[in-house]
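K.L.:
The following block contains the structure, expressed as C-alpha cells.
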Amino acid sequence: MLAFLVQRISQALLVMFVISVIAFAIQDGLGDPLQQMVGMSVSQQERDAIREDLGLNDPLPVQYLRFAGNAIQGDLGDSYFYSKPTLDVILEHLPATLELVIGASLIIIVFSVPIGVYSAIRPQAWLSKFFMGVSTVGISIPVFLTAIVLIQLFSIGVTVDWFPSDTGWGQWLNGALSTDGGLPSYGRGEELTHLFGTWESGFFSSGGLMHLILPAVSLASIMLPLFIRLIRAEMMEVLQSDYIRYARAKGLSAGRINFLHALKNTMLPVITVGGVQIGIMVAYTILTETVFQWPGVGLMFLEAITRSDIPLIVAYLMVVGLIFVITNTVVDLVYGLVNPTVKLTGKKA
Amino acid sequence: MTTATVSRWDRFRESFFWYSFKRDKVAILSSLVLLLMVLAAIFAPWLAPTDPYDLAQINIMDSELPPVGLDGADAAFPLGTDAQGRDLLSTILYGTRVSLLIGFGAVLLQGALGILFGLLAGYLGGKVDAVLMRIADVQLSFSTLMVAIIVGAVFKASFGNLMFGEIAIYMLIFIIGVAEWPQIARTVRASVLAEKKKEYVDAAKVMGFGTGRIMFRHILPNTLSPIFVIATVQIANAIISEAALSFLGLGMPETQPSLGSLIKSGFDYIQSGSWWITLIPGLVLVVLVLVINLLGDWLRDVMNPRLYKG
C-alpha cells in the first residue's frame, strides 16, 4: 500500500511539474511584461534597468525556478486587469463554480441512479428504451445548446398558438405547449449569503436557488446520459454474476437483491468514474458559465483570454491543473483501497 | 478481366456488413441524412441562394427577419436572416461545410498521430509505451475539451484576434487533432498488443522484415476496423468541440461562420425574441452529430461488438 501511495503521489508531482513548465512557457512566450508595465516615454536605459531588476535577463532555468518557488508559496503574480494577486481573484470566483458543480452533481445523482437501475432491471420495458433513446440524443447535444434551449423555454418563454383557440382542446393544447419563462438566466442574483472568506453562497435563499436551476440543469445534462449508461451497463453485468443467482435461488426478494446486493457492487466503478468525471466537469463549466454569465472561474478565464490577462490565464491553468491532479490521485487511491485486486505497485501485466 | 470487379461487388453484397445494414432502419436513415448533409455542404456554393462571405450581397435592412411562416417573413429568406442581414439558409449551408471540414480534418490529424503513437507504443512496448501512454492518460484525465480550450486560448493570445481569424480553420484542425489523439492511440495500442502475438508477425520477423514494415504493412491493416469505428464517433466529437470552441470565441470568426459561431452570434439576440438565428443552426448541429453517433453505434455493433461497453 505504501509503495502504491508513493508511486501515485510522485506521479501527481511529476504531472504538476509538467503543468508548471507549460504555464511558465506560456507566461514567458506571451507578451513582454515590460510593455504592460511601462509607457512609451520610458527610455531604453530605464527599460534595461527594469529588465535587469525583474530578472528577465537571467537564464531560463533560473527564471523557472523563481516562478516555481513563488508558485509554491502561493504567489502567482498580479492580474493586469484586477491589479491584485491572481490567486485572490481566483478564490473570489471559485465558490460560484463550486456551487454550480455541486448543484449539477446532486441532479446527476438523484436522476441517474434510479433510471440506470430501472433500465438494467427491465431492459426490455418501453420506459427503459425511452430513457436509452433520450440519452443517445442527450449525448449529441452540446451543453451550450441545451443551455440556450432551456433559456428560451424557461426564461424567455414560448407562446404556442398553432391550435384553434375557440375550441376547448385547442386552448388546452396551446396552454400545455406554451411555457411561462421567468426563471433567471443571468448571473447569481443579489440574495447571496456570506459564509466565510470569499464564499458568498446562493444555497440559502430562494433567489439564489432560482438562479442556480438553469445553469445546474444544463451542466448536469451533459453528464447525465453518461452516468445512466454506465450504471445500466455495470448493473447488468453484476446481475449476471453467480452471487446474484445464488441470492435468487435462496429466495430473497427481488427488491433486496437489486438494491442491497447488486447496487452496492455496481456503485464501486461508478464512483471512480464519477470522481474523474467531476474533474472533467470543470471544462464544461467554462461553457455553462459563458451562457449564463455565471461569475465563476470559467467565465473569469474566458474574460482573461479576451483581455490578454496573461498572469490570470497562467494562474487558472495552475489551479485547475492542481484540482485535476488531486481529484485523479484521490480517486486512484480510493479505488486502490476499496478494490484490493488493483495492482498496488503498478507492475506491468 | 471483369470477373475481379464483379466478384468484389458480389462479395460486398453478400457480406455481413451489407446484410446488417439493410436490416437496420436506423442505420439506413442516419446514413441517408448524413449523405444529404454532406452533399449539401459540398455543393453549398451552388445551392445557397446568396454568398454569406460576399459583403455586397448583404443588406443590413434585412436583418433579423423571421423564417417563412411567421409574421414579417420575407419569401426570399426561407429560414430568415441573422443580425447582419445574411440569409440564414446560406450561412447554415456554408457553416455546415466549415464544421464538416474541421471535423474530418481533425480526425485525419488525430488518426495519423494516434496510429503512429499507438503502433509505436503497442509494438515497441517498454519505455516508449510507458511514456506515450502516460502522456495519453494525463491528457485524457484533463478532458479533451479542456486541452483544446487551453491550446486555443494560448494560440489566440499569441496570434492576436485578426491573425487567428484568418487561419482559424487550420488552427482548429490542429487544436482538436492534438487534443484528441489519445482516444485513437489507445484503441490502436490495444489491438496491436493482441495482433503482435500472432504467428504472421513472427513469420514476418523471421523473414527479416524491418520493424517499420511489420508495423505499417502487416499489423496496421489488421487493426483498421476498430480504428474505423472510433474515428466515426470522433468526427462527431470533433464537430462538437469545434462548435464549443467557436461558441467561446476561440474558433471561427463571424465573417466565416461555422455552425458553432452561428449559434454564438445568434445567442446575443435570443433575448430580443430572434430565436431562429441560434436555434436553427443548433438543430442542424444536433442532427449532424446525432446521425454520426448513431452510425458509429451501428458500426461498433457490426464490426467489433466487444470494443467498449455502455
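Following the order of the C-alpha cells, first chain is A, next is B, and so on, with residues numbered from 1 inside each chain and ligands from 1 in the order they appear.
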Just the alpha helix (DSSP H) stuff from region 128-309 of chain B, please, per backbone DSSP, written as a VMD selection string.
P.N.:
chain B and resid 128 to 141 144 to 159 161 to 166 168 to 195 199 to 206 211 to 213 224 to 247 259 to 267 276 to 303
K.L.:
Define the interface residues of chain A facing chain B as those within 6 Å, counting only C-alpha atoms, and report them as a list in words.
P.N.:
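For chain A, the answer reads Leu30, Ser140, Ile141, Arg229, Leu230, Ala233, Ile280 and Ala283 of chain A.
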K.L.:
As an mmCIF file with N, CA and C atoms, in the first residue's frame, please: the residues near Leu317 (chain A) (cut-off 9 Å, only C-alpha atoms, same-chain neighbours under 2 positions excluded).
P.N.:
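Saved to result06.cif:
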data_model
loop_
_atom_site.group_PDB
_atom_site.id
_atom_site.type_symbol
_atom_site.label_atom_id
_atom_site.label_comp_id
_atom_site.auth_asym_id
_atom_site.auth_seq_id
_atom_site.Cartn_x
_atom_site.Cartn_y
_atom_site.Cartn_z
ATOM 1 N N ILE A 19 2.845 20.655 -15.780
ATOM 2 C CA ILE A 19 1.892 21.760 -15.918
ATOM 3 C C ILE A 19 2.572 23.090 -15.639
ATOM 4 N N SER A 20 3.421 23.119 -14.589
ATOM 5 C CA SER A 20 4.063 24.378 -14.243
ATOM 6 C C SER A 20 5.037 24.804 -15.342
ATOM 7 N N ALA A 23 2.879 26.249 -18.015
ATOM 8 C CA ALA A 23 2.390 27.554 -17.576
ATOM 9 C C ALA A 23 3.508 28.586 -17.680
ATOM 10 N N LEU A 312 -3.298 35.930 -15.099
ATOM 11 C CA LEU A 312 -4.518 35.271 -14.663
ATOM 12 C C LEU A 312 -4.717 33.958 -15.427
ATOM 13 N N ILE A 313 -4.412 33.955 -16.734
ATOM 14 C CA ILE A 313 -4.512 32.724 -17.522
ATOM 15 C C ILE A 313 -3.606 31.661 -16.918
ATOM 16 N N VAL A 314 -2.359 32.068 -16.633
ATOM 17 C CA VAL A 314 -1.384 31.126 -16.094
ATOM 18 C C VAL A 314 -1.837 30.591 -14.732
ATOM 19 N N ALA A 315 -2.337 31.502 -13.882
ATOM 20 C CA ALA A 315 -2.774 31.085 -12.549
ATOM 21 C C ALA A 315 -3.945 30.119 -12.648
ATOM 22 N N VAL A 319 -4.125 26.362 -11.089
ATOM 23 C CA VAL A 319 -5.134 25.963 -10.114
ATOM 24 C C VAL A 319 -5.982 24.810 -10.643
ATOM 25 N N VAL A 320 -6.444 24.932 -11.907
ATOM 26 C CA VAL A 320 -7.262 23.867 -12.462
ATOM 27 C C VAL A 320 -6.445 22.578 -12.580
ATOM 28 N N GLY A 321 -5.171 22.725 -12.982
ATOM 29 C CA GLY A 321 -4.297 21.558 -13.049
ATOM 30 C C GLY A 321 -4.193 20.877 -11.703
ATOM 31 N N LEU A 322 -4.048 21.679 -10.652
ATOM 32 C CA LEU A 322 -3.946 21.130 -9.297
ATOM 33 C C LEU A 322 -5.236 20.396 -8.918
ATOM 34 N N ILE B 150 -7.554 25.294 -23.711
ATOM 35 C CA ILE B 150 -6.306 25.919 -23.279
ATOM 36 C C ILE B 150 -5.399 26.202 -24.474
#
K.L.:
Need the shell around Phe131 (chain A): protein/DNA/RNA residues with any atom at most 9 Å away, counting only C-alpha atoms. Skip same-chain ones fewer than 5 positions apart. Format as a list of chain:residue names?
P.N.:
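Here the qualifying residues turn out to be A:Ile115, A:Gly116, A:Ser119, A:Trp126, A:Thr136, A:Pro225, A:Ile228.
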K.L.:
Those same residues, written as a CSV table (one decimal), in the first residue's frame with all heavy atoms?
P.N.:
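Produced file result05.csv, reproduced below:
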chain,number,residue,atom,x,y,z
A,115,ILE,N,-32.9,5.8,-12.7
A,115,ILE,CA,-33.1,5.5,-14.1
A,115,ILE,C,-32.1,4.4,-14.6
A,115,ILE,O,-32.6,3.4,-15.2
A,115,ILE,CB,-32.9,6.8,-15.0
A,115,ILE,CG1,-34.0,7.8,-14.6
A,115,ILE,CG2,-33.0,6.4,-16.4
A,115,ILE,CD1,-33.8,9.1,-15.3
A,116,GLY,N,-30.9,4.5,-14.2
A,116,GLY,CA,-29.9,3.4,-14.6
A,116,GLY,C,-30.3,2.1,-14.0
A,116,GLY,O,-30.3,1.1,-14.7
A,119,SER,N,-33.5,0.7,-15.8
A,119,SER,CA,-33.3,0.2,-17.2
A,119,SER,C,-32.4,-1.0,-17.2
A,119,SER,O,-32.4,-1.7,-18.2
A,119,SER,CB,-32.8,1.3,-18.1
A,119,SER,OG,-31.7,2.0,-17.6
A,126,TRP,N,-40.6,-0.5,-22.2
A,126,TRP,CA,-40.6,0.7,-23.2
A,126,TRP,C,-40.0,1.9,-22.5
A,126,TRP,O,-39.4,2.7,-23.1
A,126,TRP,CB,-42.0,1.0,-23.7
A,126,TRP,CG,-43.0,1.4,-22.7
A,126,TRP,CD1,-43.8,0.7,-22.0
A,126,TRP,CD2,-43.2,2.8,-22.3
A,126,TRP,NE1,-44.6,1.5,-21.1
A,126,TRP,CE2,-44.2,2.8,-21.3
A,126,TRP,CE3,-42.7,4.0,-22.6
A,126,TRP,CZ2,-44.7,3.9,-20.6
A,126,TRP,CZ3,-43.1,5.2,-22.0
A,126,TRP,CH2,-44.1,5.1,-21.0
A,136,THR,N,-29.1,8.8,-25.8
A,136,THR,CA,-28.3,8.9,-27.0
A,136,THR,C,-28.4,10.3,-27.6
A,136,THR,O,-27.4,10.9,-28.0
A,136,THR,CB,-28.8,7.9,-28.1
A,136,THR,OG1,-28.8,6.6,-27.5
A,136,THR,CG2,-27.8,7.8,-29.3
A,225,PRO,N,-26.6,11.5,-19.3
A,225,PRO,CA,-26.7,10.3,-20.1
A,225,PRO,C,-25.5,9.3,-19.9
A,225,PRO,O,-25.7,8.1,-19.9
A,225,PRO,CB,-26.6,10.9,-21.5
A,225,PRO,CG,-27.0,12.3,-21.4
A,225,PRO,CD,-26.5,12.7,-20.0
A,228,ILE,N,-26.2,7.4,-16.7
A,228,ILE,CA,-27.2,6.4,-16.8
A,228,ILE,C,-26.7,5.2,-17.6
A,228,ILE,O,-26.9,4.1,-17.1
A,228,ILE,CB,-28.4,7.1,-17.6
A,228,ILE,CG1,-29.1,8.1,-16.7
A,228,ILE,CG2,-29.5,6.0,-17.9
A,228,ILE,CD1,-30.2,8.9,-17.4
K.L.:
Determine, counting only C-alpha atoms, which protein, DNA and RNA residues have an atom within 9 Å of an atom of Pro67 (chain B); residues of the same chain fewer than 5 positions away are not included. Present the result as number ranges by chain.
P.N.:
B: 72-75, 77-81, 88, 276
K.L.:
Please save N, CA, C and O atoms of the selected residues as a PDB file, in the first residue's frame.
P.N.:
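Listed below is the output, selection_34.pdb:
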ATOM      1  N   GLY B  72     -44.041  38.825 -40.675  1.00  0.00           N
ATOM      2  CA  GLY B  72     -42.931  39.680 -41.081  1.00  0.00           C
ATOM      3  C   GLY B  72     -41.861  38.970 -41.865  1.00  0.00           C
ATOM      4  O   GLY B  72     -40.787  39.520 -42.082  1.00  0.00           O
ATOM      5  N   ALA B  73     -42.130  37.728 -42.278  1.00  0.00           N
ATOM      6  CA  ALA B  73     -41.113  36.978 -43.016  1.00  0.00           C
ATOM      7  C   ALA B  73     -41.049  37.448 -44.462  1.00  0.00           C
ATOM      8  O   ALA B  73     -42.013  37.999 -45.005  1.00  0.00           O
ATOM      9  N   ASP B  74     -39.880  37.232 -45.072  1.00  0.00           N
ATOM     10  CA  ASP B  74     -39.682  37.565 -46.480  1.00  0.00           C
ATOM     11  C   ASP B  74     -39.420  36.260 -47.221  1.00  0.00           C
ATOM     12  O   ASP B  74     -38.571  35.476 -46.812  1.00  0.00           O
ATOM     13  N   ALA B  75     -40.157  36.031 -48.311  1.00  0.00           N
ATOM     14  CA  ALA B  75     -40.045  34.754 -49.018  1.00  0.00           C
ATOM     15  C   ALA B  75     -38.646  34.530 -49.584  1.00  0.00           C
ATOM     16  O   ALA B  75     -38.251  33.404 -49.865  1.00  0.00           O
ATOM     17  N   PHE B  77     -35.988  34.816 -47.986  1.00  0.00           N
ATOM     18  CA  PHE B  77     -35.140  34.226 -46.943  1.00  0.00           C
ATOM     19  C   PHE B  77     -35.916  33.131 -46.221  1.00  0.00           C
ATOM     20  O   PHE B  77     -36.537  33.388 -45.181  1.00  0.00           O
ATOM     21  N   PRO B  78     -35.900  31.898 -46.750  1.00  0.00           N
ATOM     22  CA  PRO B  78     -36.782  30.836 -46.211  1.00  0.00           C
ATOM     23  C   PRO B  78     -36.558  30.557 -44.729  1.00  0.00           C
ATOM     24  O   PRO B  78     -37.509  30.236 -44.019  1.00  0.00           O
ATOM     25  N   LEU B  79     -35.334  30.663 -44.238  1.00  0.00           N
ATOM     26  CA  LEU B  79     -35.098  30.406 -42.813  1.00  0.00           C
ATOM     27  C   LEU B  79     -34.875  31.703 -42.040  1.00  0.00           C
ATOM     28  O   LEU B  79     -34.397  31.688 -40.914  1.00  0.00           O
ATOM     29  N   GLY B  80     -35.180  32.833 -42.675  1.00  0.00           N
ATOM     30  CA  GLY B  80     -34.970  34.103 -42.003  1.00  0.00           C
ATOM     31  C   GLY B  80     -33.550  34.607 -42.209  1.00  0.00           C
ATOM     32  O   GLY B  80     -32.772  34.041 -42.977  1.00  0.00           O
ATOM     33  N   THR B  81     -33.224  35.697 -41.509  1.00  0.00           N
ATOM     34  CA  THR B  81     -31.888  36.281 -41.626  1.00  0.00           C
ATOM     35  C   THR B  81     -31.293  36.481 -40.246  1.00  0.00           C
ATOM     36  O   THR B  81     -31.998  36.475 -39.248  1.00  0.00           O
ATOM     37  N   LEU B  88     -30.113  33.081 -43.612  1.00  0.00           N
ATOM     38  CA  LEU B  88     -29.724  32.033 -42.666  1.00  0.00           C
ATOM     39  C   LEU B  88     -29.500  30.699 -43.365  1.00  0.00           C
ATOM     40  O   LEU B  88     -28.583  29.950 -43.009  1.00  0.00           O
ATOM     41  N   TRP B 276     -34.598  32.195 -33.945  1.00  0.00           N
ATOM     42  CA  TRP B 276     -34.212  31.329 -35.073  1.00  0.00           C
ATOM     43  C   TRP B 276     -32.720  31.435 -35.407  1.00  0.00           C
ATOM     44  O   TRP B 276     -32.139  30.480 -35.888  1.00  0.00           O
TER      45      TRP B 276
END
K.L.:
Out of B:Ile277, B:Ala179, B:Val206, B:Val192, which residue has the shortest atom-to-atom distance to Gln234 (chain B) when counting only C-alpha atoms?
P.N.:
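Ranked by minimum distance to Gln234 (chain B), first place goes to B:Ala179.
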K.L.:
Applying 8 Å and only C-alpha atoms, which residues near region 169-175 of chain B remain after dropping the ones on its own chain fewer than 3 positions away? List them as a list in words.
P.N.:
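With the cut-off at 8 Å, the set is Val98, Ile102, Gly103, Gly105, Ala106, Leu109, Ala148, Val151, Gly152, Phe164, Val178, Ala179, Glu242, Gly251 and Met252 of chain B.
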K.L.:
Could you save the residues just selected, with all heavy atoms, as a tab-separated table (two decimals), in the first residue's frame?
P.N.:
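In the end it all went to selection-v3.tsv:
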chain	number	residue	atom	x	y	z
B	98	VAL	N	-17.99	24.29	-43.23
B	98	VAL	CA	-16.83	24.56	-42.37
B	98	VAL	C	-16.75	23.54	-41.25
B	98	VAL	O	-15.68	22.98	-40.97
B	98	VAL	CB	-16.91	26.00	-41.80
B	98	VAL	CG1	-15.80	26.25	-40.81
B	98	VAL	CG2	-16.85	27.02	-42.92
B	102	ILE	N	-13.67	20.88	-40.70
B	102	ILE	CA	-12.85	20.82	-39.50
B	102	ILE	C	-12.97	19.45	-38.83
B	102	ILE	O	-11.98	18.87	-38.39
B	102	ILE	CB	-13.24	21.96	-38.52
B	102	ILE	CG1	-12.89	23.29	-39.14
B	102	ILE	CG2	-12.55	21.80	-37.19
B	102	ILE	CD1	-13.37	24.49	-38.37
B	103	GLY	N	-14.21	18.91	-38.80
B	103	GLY	CA	-14.40	17.60	-38.20
B	103	GLY	C	-13.56	16.52	-38.88
B	103	GLY	O	-12.80	15.81	-38.23
B	105	GLY	N	-11.00	16.97	-40.98
B	105	GLY	CA	-9.58	17.31	-40.92
B	105	GLY	C	-8.98	16.94	-39.57
B	105	GLY	O	-7.91	16.33	-39.50
B	106	ALA	N	-9.72	17.28	-38.50
B	106	ALA	CA	-9.20	16.98	-37.16
B	106	ALA	C	-9.08	15.48	-36.95
B	106	ALA	O	-8.11	15.01	-36.35
B	106	ALA	CB	-10.11	17.59	-36.10
B	109	LEU	N	-6.02	14.20	-38.73
B	109	LEU	CA	-4.79	14.50	-37.97
B	109	LEU	C	-4.66	13.60	-36.76
B	109	LEU	O	-3.61	13.00	-36.52
B	109	LEU	CB	-4.80	15.98	-37.55
B	109	LEU	CG	-3.59	16.41	-36.73
B	109	LEU	CD1	-2.31	16.25	-37.55
B	109	LEU	CD2	-3.73	17.85	-36.28
B	148	ALA	N	-8.23	21.40	-25.47
B	148	ALA	CA	-8.48	22.20	-26.67
B	148	ALA	C	-8.70	23.66	-26.31
B	148	ALA	O	-8.19	24.56	-26.99
B	148	ALA	CB	-9.70	21.64	-27.42
B	151	VAL	N	-5.23	25.19	-25.35
B	151	VAL	CA	-4.37	25.40	-26.53
B	151	VAL	C	-4.94	26.53	-27.38
B	151	VAL	O	-4.20	27.42	-27.84
B	151	VAL	CB	-4.24	24.10	-27.35
B	151	VAL	CG1	-3.38	24.33	-28.57
B	151	VAL	CG2	-3.62	23.00	-26.51
B	152	GLY	N	-6.27	26.52	-27.56
B	152	GLY	CA	-6.90	27.58	-28.34
B	152	GLY	C	-6.68	28.94	-27.73
B	152	GLY	O	-6.36	29.91	-28.42
B	164	PHE	N	-5.57	35.25	-35.96
B	164	PHE	CA	-6.19	33.99	-35.59
B	164	PHE	C	-7.41	33.72	-36.47
B	164	PHE	O	-7.63	32.61	-36.91
B	164	PHE	CB	-6.58	34.00	-34.11
B	164	PHE	CG	-7.05	32.68	-33.61
B	164	PHE	CD1	-6.15	31.72	-33.20
B	164	PHE	CD2	-8.41	32.37	-33.54
B	164	PHE	CE1	-6.58	30.50	-32.73
B	164	PHE	CE2	-8.84	31.16	-33.08
B	164	PHE	CZ	-7.92	30.22	-32.67
B	178	VAL	N	-4.75	17.54	-32.01
B	178	VAL	CA	-3.76	17.30	-30.97
B	178	VAL	C	-4.45	16.95	-29.65
B	178	VAL	O	-3.97	16.11	-28.89
B	178	VAL	CB	-2.86	18.54	-30.80
B	178	VAL	CG1	-2.02	18.43	-29.55
B	178	VAL	CG2	-1.95	18.67	-32.00
B	179	ALA	N	-5.62	17.58	-29.40
B	179	ALA	CA	-6.28	17.34	-28.11
B	179	ALA	C	-6.85	15.93	-28.03
B	179	ALA	O	-6.99	15.38	-26.94
B	179	ALA	CB	-7.39	18.37	-27.89
B	242	GLU	N	-15.43	21.69	-31.98
B	242	GLU	CA	-15.29	22.90	-32.80
B	242	GLU	C	-16.40	23.89	-32.46
B	242	GLU	O	-16.15	25.08	-32.28
B	242	GLU	CB	-15.34	22.53	-34.28
B	242	GLU	CG	-15.09	23.67	-35.23
B	242	GLU	CD	-16.31	24.52	-35.46
B	242	GLU	OE1	-17.44	23.98	-35.48
B	242	GLU	OE2	-16.15	25.73	-35.60
B	251	GLY	N	-12.85	30.12	-31.85
B	251	GLY	CA	-12.89	29.36	-33.09
B	251	GLY	C	-13.09	30.25	-34.30
B	251	GLY	O	-12.45	31.29	-34.41
B	252	MET	N	-14.00	29.83	-35.17
B	252	MET	CA	-14.21	30.54	-36.43
B	252	MET	C	-14.76	31.94	-36.18
B	252	MET	O	-15.65	32.13	-35.34
B	252	MET	CB	-15.19	29.76	-37.30
B	252	MET	CG	-14.71	28.38	-37.68
B	252	MET	SD	-13.15	28.42	-38.56
B	252	MET	CE	-13.62	29.29	-40.05
K.L.:
If we count only C-alpha atoms, what is near Leu124 (chain B) at a cut-off of 12 Å, once residues fewer than 6 positions away on the same chain are taken out, given as an MDAnalysis selection string?
P.N.:
chainID B and resid 116:118 130:132 189 192:193 196 211:212 214:215
K.L.:
Write a file of the selected residues as a short mmCIF file (atom, residue, chain, number, x, y, z; two decimals), in the first residue's frame, keeping C-alpha atoms.
P.N.:
data_model
loop_
_atom_site.label_atom_id
_atom_site.label_comp_id
_atom_site.auth_asym_id
_atom_site.auth_seq_id
_atom_site.Cartn_x
_atom_site.Cartn_y
_atom_site.Cartn_z
CA LEU B 116 1.68 6.36 -35.24
CA PHE B 117 1.88 6.62 -31.44
CA GLY B 118 -0.44 3.66 -30.89
CA ALA B 130 5.19 3.79 -20.78
CA VAL B 131 5.99 7.36 -21.78
CA LEU B 132 3.43 7.63 -24.59
CA ARG B 189 -2.37 0.07 -28.99
CA VAL B 192 -1.62 -4.07 -31.69
CA LEU B 193 -0.98 -5.85 -28.40
CA LYS B 196 1.66 -8.87 -32.28
CA THR B 211 10.20 -3.02 -37.73
CA GLY B 212 8.58 -0.21 -39.70
CA ILE B 214 5.97 -5.02 -39.98
CA MET B 215 4.18 -2.26 -38.10
#
